[in-house]
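Q: The structure's right below; bear with me while I get my questions together.
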Amino acid sequence: MNPSEEFVEHGMSQQNLKRTSCATVLTLAYQSLGIVYGDLSTSPLYVYKTTFSGKLKLKENDEEIFGVLSFIIWTFTITALFKYVFIVMSADDNGEGGTFALYSLLCRHARLSILPNQQATDEKLTAYTTQDSEDTWLSSHLKLFIEKHPRFQKGLLIFVLLGTCMTIGDGVITPAISVFSAVSGVQVKIKELHDNYVVIISCVILVVLFSIQHHGTHRVAFMFAPVVAAWLLCISGIGIYNIFHWNRQIYRALSPFYMLKFLKTTGLEGWMSLGGVVLSITGVEAMYAALGHFSALSIKVAFTCLVYPSLIFAYMGEAAFLSKHHHAIQGSFYKAIPETVFWPVFVVATFAAIVGSQAVISATFSIVSQCCALNCFPPVKIVHTSSRIYGQIYVPEVNWILMCLCLAVTIGLRDIDMMGHAYGLAITTVMFVTTCLMTLVMVIVWKQGIIKAIMFLVLFGSIELLYISASYCKIPEGGWIPLVLSFAFMSIMFTWNYGTMKKHEFDVENKVSMSKILSLGPCLGMVRVPGIGIIFSNLASGVPAIFGHFVTNLPAFHQVLVFVCVKSVQVPCVNDNERLVISRIGPKEYRMFCCIVRYGYKDLQQENYNFENKLVSAIIQFVEIEESDPAPTPEELCMDGGNFMEHLAVSPYTLNNSCYIEKSFPFSCVLRVKKNENDHLQESPYKDESMQILRAKESGVTYILGHSYAEAKKSSSILKKFAIDVVYAFLSKNCRDPDVYLNVAHTSLLEVGMVYHV
């Protein structure tokens with residue numbers, strides 16, 4: 001396997017290479033064409049048609065054409081090239097990009113945590129890096145303001161969710177408009193073809209596209225880059241031909257003077273037409289979000305050397321054609337193609353539209369997975385479609401929902417212009433969210449001065465607000481679609497996040513005192529039965545209320561108890577050797593342990609290994625190391641299951657670097673410990689506690705999962721009752737529990753129900 005293939009399969013974020021060879025960069029740049037630029041490169045199919053869809057008409061002096069082209073060129077240059085390529089792509093979170101990457105950076109540097117169970121030990125993760133430079137006056141005051149105002153934190157979360165939901169809406173609109181625009185080109189040659197047939201063909205392609213998602217894209221991904229590369233070369237070549245053939249003076253549109261002249265002469269209609277101009281930069285967010293799959297340098301090389309000049313030539317060539325064919329504005333892209341190459345270009349355009357749609361669909365799957373990790377979306381089934389390629393996932397429920405919505409948009413609208421209006425509003429909102437988050441990153445993370453931050457916000461924010469205002473004028477003409485979609489997804493996300501946080505608050509307030517439970521043992525007739533009990537808990541420390549509810553109704557629990565907490569941390573990925581953290585609850589004679597399973601927001605919470613054996617092995621290693629490094633006395637620890645993390649809390653994977661277990665028979669295990677590289681391996685039998693754990697393992701393992709049902713208080717408002725008793729209850733019943741992604745056998749599962757009021 002060559003280096004470039006290895007980087008793509010494991011993700012550049014996993015390697016985080018500082019130096020790469022020129023050949024590797026060029027190879028990655030070529031491969032990024034298919035995954036990153038499919039959406040951006042198909043924009044010429046519908047930009048001019050959507051821009052001139054209103055009352056804006058072409059005049060003999062071509063001022064409108066030159067003005068629109070000038071807007072396209074400068075918008076593409078300022079936003080795509082200067083903002084994203086030169087600035088935003090430098091703000092990566094351990095190599096990852098996107099809205100959540102920016103928000104994760106802010107969470108770590110400004111204590112903006114929205115995740116429960118965050119602990120000081122999480123900051124020791126390899127990926128948990130922060131800037132070492134001292135805070136400036138502005139950054140320190142801004143951090144203090146954020147920490148003191150929880151409402152600002154919640155407002156920022158809602159703002160991030162807005163951008164996220166608009167991106168999901170983009171995943172609905174992009175396949176519809178891309179495929180429909182490509183297929184409609186056939187009407188240029190077959191004029192008698194009815195619009196209904198174009199809709200049917202588009203729907204068939206969309207159904208096939210969504211139906212093959214479960215196979216993953218890795219089997220056809222090798223075709224993506226050649227398709228997009230061929231497409232870019234085609235449209236750039238045709239653009240150059242049209243420039244020389246129809247109007248060589250089109251280069252004058254490079255002057256920003258034509259933008260001012262355009263707005264002055266066209267007035268309100270010209271301003272409203274900017275909602276179509278913004279479609280020229282659709283896909284820039286996908287370029288930033290795909291940063292984890294490639295190096296920033298390779299994406300920049302591909303954009304500046306091929307994508308940028310190709311699209312500029314394509315827009316200029318189409319404008320040159322329109323300057324001589326004012327009547328051809330409907331379907332101008334296909335009409336500008338020379339007769340001899342029309343059908344080959346049509347075929348390439350259709351494949352390019354499919355590739356662009358595939359990239360957005362895959363990005364939507366990734367976003368939903370990240371939302372699940374951040375407690376902003378109910379846990380859903382996530383399938384890893386490739387064991388080799390990093391980040392290739394499939395979410396069945398989301399896939400079919402997207403397909404239904406795409407078909408509804410295609411059949412319901414049947415109009416590229418209305419789809420374009422919806423598309424423009426979604427993408428401009430996401431870009432404005434990125435600009436605001438990036439401004440905070442510049443101040444809090446990069447420690448830049450207020451002048452640079454304000455300049456960035458004013459320059460790019462004003463441009464995006466201009467396009468947002470133009471797009472909002474198109475709400476009655478299709479712009480309402482992303483608003484409705486984002487409102488629906490935001491309602492689900494916020495309700496789930498609210499219910500989850502309330503559930504965690506209930507668990508924290510009702511933690512159980514182990515000493516109290518054990519003291520009541522004789523009264524309840526409590527006994528310890530052979531075996532290991534693994535109790536899933538929402539708490540990273542302490543004993544959950546569900547356990548107290550369990551033992552008071554069934555006064556018996558296992559010889560060895562392990563409280564397992566599956567939690568997410570605010571980093572993209574957690575290394576395998578830092579996944580588990582083991583600690584002890586109470587004195588040794590209790591034989592109770594706490595295991596924290598940590599995931600990053602881009603990790604898949606789905607393990608293929610035997611979690612049970614891995615957990616027991618980790619606990620035994622913990623016990624053995626504990627014997628050689630005595631823990632504090634019980635009086636020095638919080639014995640009632642309080643908030644403590646024992647100083648011996650260690651990762652079993654880290655331990656495996658210095659010791660390993662040989663198992664020839666369940667009760668004749670030997671731990672070989674190597675103090676350093678020069679020492680010889682020493683054999684020592686397991687300690688008594690380790691042997692007891694092994695015997696308990698042989699007796700059987702039982703998983704205890706708590707089902708907490710939320711109910712709104714009687715004094716709650718009607719809206720809160722609907723959100724908790726209807727929406728959150730429905731989502732809770734249909735989401736995935738931890739036992740699913742940890743591969744727990746149903747025969748070993750015991751569920752305990754409990755009701756709490758919020």
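The way I read the labels, and the way they are meant: chains A, B, ... in the order of the structure tokens, residue 1 as the first residue of every chain, and ligand 1 as the first ligand shown, with later ones counted on from there.
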Using DSSP on the backbone coordinates, identify the residues of range 159-319 of chain A assigned to alpha helix (DSSP H); present them as a PyMOL selection string.

A: chain A and resi 159-184+195-211+224-246+257-266+268-272+274-277+284-289+296-302+308-319

Q: Which polymer residues have any atom within 7 Å of an atom of Ala453 in chain A, counting only C-alpha atoms, with same-chain residues fewer than 3 positions away left out, as a ChimeraX atom specification?

A: /A:439,442-443,448-450,456-457

Q: Determine the nearest neighbour of Ser53 in chain A from the options A:Glu397, A:Asp415, A:Asp122, A:Asp92, counting only C-alpha atoms.

A: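 For Ser53 in chain A, the nearest of the candidates is A:Asp415.
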
Q: Output as JSON lines one row per residue of range 41-119 of chain A within 8 Å of range 139-150 of chain A: the closest atom pair and its distance in Å to one decimal place, counting only C-alpha atoms, sorted by chain and residue number ascending.

A:
```
{"residue": "A:Ala110", "atom": "CA", "partner": "A:Lys143", "partner_atom": "CA", "distance": 5.3}
{"residue": "A:Arg111", "atom": "CA", "partner": "A:Glu147", "partner_atom": "CA", "distance": 6.8}
{"residue": "A:Leu112", "atom": "CA", "partner": "A:Glu147", "partner_atom": "CA", "distance": 7.3}
```

Q: Skipping near chain neighbours, those fewer than 2 positions away, what residues fall within 12 Å of Asn510 in chain A using only C-alpha atoms, listed as a PyMOL selection string?

A: chain A and resi 503-508+512-513+538-539+542-549+641-642+756

Q: Do you have the CA of Tyr601 in chain A-CA of Leu437 in chain A distance handy?

A: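 Computing it gives 17.9 Å between the two atoms.
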
Q: Closest to Asn242 in chain A among A:Ala319, A:Ile201, A:Ala302, A:Ala290, using only C-alpha atoms?

A: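 Once distances to Asn242 in chain A are computed over only C-alpha atoms, the minimum belongs to A:Ala319.
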
Q: Set the distance at 9 Å and use only C-alpha atoms: which residues neighbour range 527-537 of chain A once local chain neighbours fewer than 6 positions away are removed? I'd like the list as a PDB file with N, CA, C and O atoms, in the first residue's frame.

A:
```
ATOM      1  N   GLY A 521     -28.111  -4.029  54.376  1.00  0.00           N
ATOM      2  CA  GLY A 521     -28.074  -5.401  53.873  1.00  0.00           C
ATOM      3  C   GLY A 521     -28.742  -6.402  54.782  1.00  0.00           C
ATOM      4  O   GLY A 521     -29.575  -7.202  54.329  1.00  0.00           O
ATOM      5  N   VAL A 543     -22.523   5.949  42.368  1.00  0.00           N
ATOM      6  CA  VAL A 543     -23.449   4.840  42.123  1.00  0.00           C
ATOM      7  C   VAL A 543     -24.792   5.412  41.698  1.00  0.00           C
ATOM      8  O   VAL A 543     -25.373   6.239  42.399  1.00  0.00           O
ATOM      9  N   PRO A 544     -25.313   5.002  40.553  1.00  0.00           N
ATOM     10  CA  PRO A 544     -26.567   5.585  40.059  1.00  0.00           C
ATOM     11  C   PRO A 544     -27.773   5.149  40.871  1.00  0.00           C
ATOM     12  O   PRO A 544     -27.762   4.109  41.538  1.00  0.00           O
ATOM     13  N   ILE A 546     -30.457   3.978  39.824  1.00  0.00           N
ATOM     14  CA  ILE A 546     -31.068   2.765  39.294  1.00  0.00           C
ATOM     15  C   ILE A 546     -30.573   1.536  40.049  1.00  0.00           C
ATOM     16  O   ILE A 546     -31.300   0.550  40.201  1.00  0.00           O
ATOM     17  N   PHE A 547     -29.348   1.597  40.580  1.00  0.00           N
ATOM     18  CA  PHE A 547     -28.821   0.465  41.338  1.00  0.00           C
ATOM     19  C   PHE A 547     -29.530   0.352  42.686  1.00  0.00           C
ATOM     20  O   PHE A 547     -29.864  -0.747  43.132  1.00  0.00           O
ATOM     21  N   PRO A 555     -32.963  -7.820  46.611  1.00  0.00           N
ATOM     22  CA  PRO A 555     -31.808  -7.602  47.511  1.00  0.00           C
ATOM     23  C   PRO A 555     -30.678  -8.611  47.327  1.00  0.00           C
ATOM     24  O   PRO A 555     -30.370  -9.399  48.210  1.00  0.00           O
ATOM     25  N   ALA A 556     -30.117  -8.603  46.147  1.00  0.00           N
ATOM     26  CA  ALA A 556     -28.957  -9.450  45.876  1.00  0.00           C
ATOM     27  C   ALA A 556     -28.212  -8.846  44.705  1.00  0.00           C
ATOM     28  O   ALA A 556     -28.832  -8.378  43.746  1.00  0.00           O
ATOM     29  N   PHE A 557     -26.905  -8.824  44.805  1.00  0.00           N
ATOM     30  CA  PHE A 557     -26.123  -8.391  43.657  1.00  0.00           C
ATOM     31  C   PHE A 557     -24.839  -9.195  43.606  1.00  0.00           C
ATOM     32  O   PHE A 557     -24.512  -9.934  44.523  1.00  0.00           O
ATOM     33  N   HIS A 558     -24.120  -9.034  42.541  1.00  0.00           N
ATOM     34  CA  HIS A 558     -23.064  -9.963  42.194  1.00  0.00           C
ATOM     35  C   HIS A 558     -21.808  -9.780  43.041  1.00  0.00           C
ATOM     36  O   HIS A 558     -21.588  -8.741  43.661  1.00  0.00           O
ATOM     37  N   GLN A 559     -21.019 -10.815  43.001  1.00  0.00           N
ATOM     38  CA  GLN A 559     -19.765 -10.835  43.763  1.00  0.00           C
ATOM     39  C   GLN A 559     -18.835  -9.707  43.329  1.00  0.00           C
ATOM     40  O   GLN A 559     -18.148  -9.104  44.138  1.00  0.00           O
ATOM     41  N   VAL A 560     -18.812  -9.411  42.038  1.00  0.00           N
ATOM     42  CA  VAL A 560     -18.025  -8.303  41.496  1.00  0.00           C
ATOM     43  C   VAL A 560     -18.968  -7.398  40.721  1.00  0.00           C
ATOM     44  O   VAL A 560     -19.735  -7.865  39.870  1.00  0.00           O
ATOM     45  N   LEU A 561     -18.951  -6.113  41.042  1.00  0.00           N
ATOM     46  CA  LEU A 561     -19.803  -5.142  40.365  1.00  0.00           C
ATOM     47  C   LEU A 561     -18.944  -4.161  39.582  1.00  0.00           C
ATOM     48  O   LEU A 561     -17.946  -3.647  40.096  1.00  0.00           O
ATOM     49  N   VAL A 562     -19.342  -3.905  38.348  1.00  0.00           N
ATOM     50  CA  VAL A 562     -18.648  -2.932  37.514  1.00  0.00           C
ATOM     51  C   VAL A 562     -19.681  -1.963  36.957  1.00  0.00           C
ATOM     52  O   VAL A 562     -20.623  -2.373  36.270  1.00  0.00           O
ATOM     53  N   PHE A 563     -19.524  -0.694  37.287  1.00  0.00           N
ATOM     54  CA  PHE A 563     -20.395   0.347  36.750  1.00  0.00           C
ATOM     55  C   PHE A 563     -19.741   0.903  35.483  1.00  0.00           C
ATOM     56  O   PHE A 563     -18.652   1.486  35.541  1.00  0.00           O
ATOM     57  N   VAL A 564     -20.404   0.706  34.355  1.00  0.00           N
ATOM     58  CA  VAL A 564     -19.854   1.105  33.055  1.00  0.00           C
ATOM     59  C   VAL A 564     -20.561   2.379  32.587  1.00  0.00           C
ATOM     60  O   VAL A 564     -21.793   2.419  32.497  1.00  0.00           O
ATOM     61  N   CYS A 565     -19.766   3.395  32.287  1.00  0.00           N
ATOM     62  CA  CYS A 565     -20.290   4.663  31.773  1.00  0.00           C
ATOM     63  C   CYS A 565     -19.704   4.894  30.383  1.00  0.00           C
ATOM     64  O   CYS A 565     -18.487   5.029  30.226  1.00  0.00           O
ATOM     65  N   VAL A 566     -20.562   4.896  29.384  1.00  0.00           N
ATOM     66  CA  VAL A 566     -20.141   5.200  28.012  1.00  0.00           C
ATOM     67  C   VAL A 566     -20.369   6.685  27.784  1.00  0.00           C
ATOM     68  O   VAL A 566     -21.498   7.161  27.847  1.00  0.00           O
ATOM     69  N   ILE A 693     -11.885 -12.396  40.792  1.00  0.00           N
ATOM     70  CA  ILE A 693     -12.509 -11.809  39.605  1.00  0.00           C
ATOM     71  C   ILE A 693     -12.593 -12.838  38.489  1.00  0.00           C
ATOM     72  O   ILE A 693     -13.616 -12.945  37.793  1.00  0.00           O
ATOM     73  N   ARG A 695     -12.700 -16.139  38.855  1.00  0.00           N
ATOM     74  CA  ARG A 695     -13.727 -17.120  39.213  1.00  0.00           C
ATOM     75  C   ARG A 695     -15.125 -16.545  38.987  1.00  0.00           C
ATOM     76  O   ARG A 695     -16.037 -17.256  38.545  1.00  0.00           O
ATOM     77  N   ALA A 696     -15.295 -15.268  39.311  1.00  0.00           N
ATOM     78  CA  ALA A 696     -16.592 -14.631  39.083  1.00  0.00           C
ATOM     79  C   ALA A 696     -16.918 -14.596  37.591  1.00  0.00           C
ATOM     80  O   ALA A 696     -18.070 -14.799  37.179  1.00  0.00           O
ATOM     81  N   LYS A 697     -15.886 -14.380  36.789  1.00  0.00           N
ATOM     82  CA  LYS A 697     -16.086 -14.374  35.335  1.00  0.00           C
ATOM     83  C   LYS A 697     -16.556 -15.747  34.852  1.00  0.00           C
ATOM     84  O   LYS A 697     -17.433 -15.860  33.988  1.00  0.00           O
ATOM     85  N   GLU A 698     -15.975 -16.809  35.413  1.00  0.00           N
ATOM     86  CA  GLU A 698     -16.381 -18.150  35.013  1.00  0.00           C
ATOM     87  C   GLU A 698     -17.805 -18.465  35.458  1.00  0.00           C
ATOM     88  O   GLU A 698     -18.492 -19.269  34.833  1.00  0.00           O
ATOM     89  N   SER A 699     -18.261 -17.818  36.526  1.00  0.00           N
ATOM     90  CA  SER A 699     -19.628 -18.058  37.014  1.00  0.00           C
ATOM     91  C   SER A 699     -20.670 -17.402  36.120  1.00  0.00           C
ATOM     92  O   SER A 699     -21.853 -17.765  36.167  1.00  0.00           O
ATOM     93  N   GLY A 700     -20.245 -16.429  35.339  1.00  0.00           N
ATOM     94  CA  GLY A 700     -21.174 -15.769  34.425  1.00  0.00           C
ATOM     95  C   GLY A 700     -21.178 -14.267  34.599  1.00  0.00           C
ATOM     96  O   GLY A 700     -20.851 -13.737  35.667  1.00  0.00           O
ATOM     97  N   VAL A 701     -21.559 -13.580  33.525  1.00  0.00           N
ATOM     98  CA  VAL A 701     -21.623 -12.117  33.522  1.00  0.00           C
ATOM     99  C   VAL A 701     -23.045 -11.693  33.183  1.00  0.00           C
ATOM    100  O   VAL A 701     -23.644 -12.186  32.225  1.00  0.00           O
ATOM    101  N   THR A 702     -23.584 -10.801  33.998  1.00  0.00           N
ATOM    102  CA  THR A 702     -24.933 -10.265  33.787  1.00  0.00           C
ATOM    103  C   THR A 702     -24.848  -8.766  33.547  1.00  0.00           C
ATOM    104  O   THR A 702     -24.131  -8.058  34.259  1.00  0.00           O
ATOM    105  N   TYR A 703     -25.564  -8.295  32.554  1.00  0.00           N
ATOM    106  CA  TYR A 703     -25.602  -6.869  32.237  1.00  0.00           C
ATOM    107  C   TYR A 703     -26.912  -6.282  32.752  1.00  0.00           C
ATOM    108  O   TYR A 703     -27.997  -6.798  32.454  1.00  0.00           O
ATOM    109  N   ILE A 704     -26.811  -5.217  33.504  1.00  0.00           N
ATOM    110  CA  ILE A 704     -27.989  -4.563  34.081  1.00  0.00           C
ATOM    111  C   ILE A 704     -28.113  -3.189  33.436  1.00  0.00           C
ATOM    112  O   ILE A 704     -27.231  -2.333  33.568  1.00  0.00           O
ATOM    113  N   LEU A 705     -29.196  -2.989  32.729  1.00  0.00           N
ATOM    114  CA  LEU A 705     -29.422  -1.740  31.996  1.00  0.00           C
ATOM    115  C   LEU A 705     -30.650  -1.045  32.550  1.00  0.00           C
ATOM    116  O   LEU A 705     -31.721  -1.641  32.661  1.00  0.00           O
ATOM    117  N   GLY A 706     -30.481   0.198  32.924  1.00  0.00           N
ATOM    118  CA  GLY A 706     -31.586   0.971  33.465  1.00  0.00           C
ATOM    119  C   GLY A 706     -32.357   1.703  32.381  1.00  0.00           C
ATOM    120  O   GLY A 706     -31.776   2.320  31.490  1.00  0.00           O
ATOM    121  N   PRO A 738     -26.894   1.403  25.109  1.00  0.00           N
ATOM    122  CA  PRO A 738     -25.472   1.028  25.100  1.00  0.00           C
ATOM    123  C   PRO A 738     -25.222  -0.449  24.868  1.00  0.00           C
ATOM    124  O   PRO A 738     -24.182  -0.825  24.334  1.00  0.00           O
ATOM    125  N   ASP A 739     -26.159  -1.304  25.276  1.00  0.00           N
ATOM    126  CA  ASP A 739     -25.937  -2.732  25.101  1.00  0.00           C
ATOM    127  C   ASP A 739     -25.856  -3.132  23.634  1.00  0.00           C
ATOM    128  O   ASP A 739     -25.248  -4.152  23.284  1.00  0.00           O
TER     129      ASP A 739
END
```

Q: Need the shell around Phe432 in chain A: protein/DNA/RNA residues with any atom at most 9 Å away, counting only C-alpha atoms. Skip same-chain ones fewer than 3 positions apart. Format as a list in words?

A: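 The contact residues come out as Gly163, Ile427, Thr428, Thr429, Thr435, Cys436, Leu437, Phe460, Gly461, Glu464, Leu465 and Ile468 of chain A.
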
Q: Enter the distance from CA of Leu206 in chain A to CA of Val347 in chain A, in Å, rounded to one decimal.

A: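 Interatomic distance here is 16.1 Å.
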
Q: Which one is closest to Ile492 in chain A: A:Tyr423, A:Tyr728, A:Trp231, A:Phe86? Count only C-alpha atoms.

A: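 That would be A:Tyr728, the residue with the smallest distance to Ile492 in chain A.
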
Q: Extract the full set of strand (DSSP E) residues from range 437-545 of chain A according to DSSP on the backbone, and format it as number ranges by chain.

A: A: 527-536

Q: Would you mind telling me which residue in A:Lys261, A:Thr121, A:Gly171, A:Gly292 lies nearest to Ser583 in chain A when using only C-alpha atoms?

A: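 Ranked by minimum distance to Ser583 in chain A, first place goes to A:Thr121.
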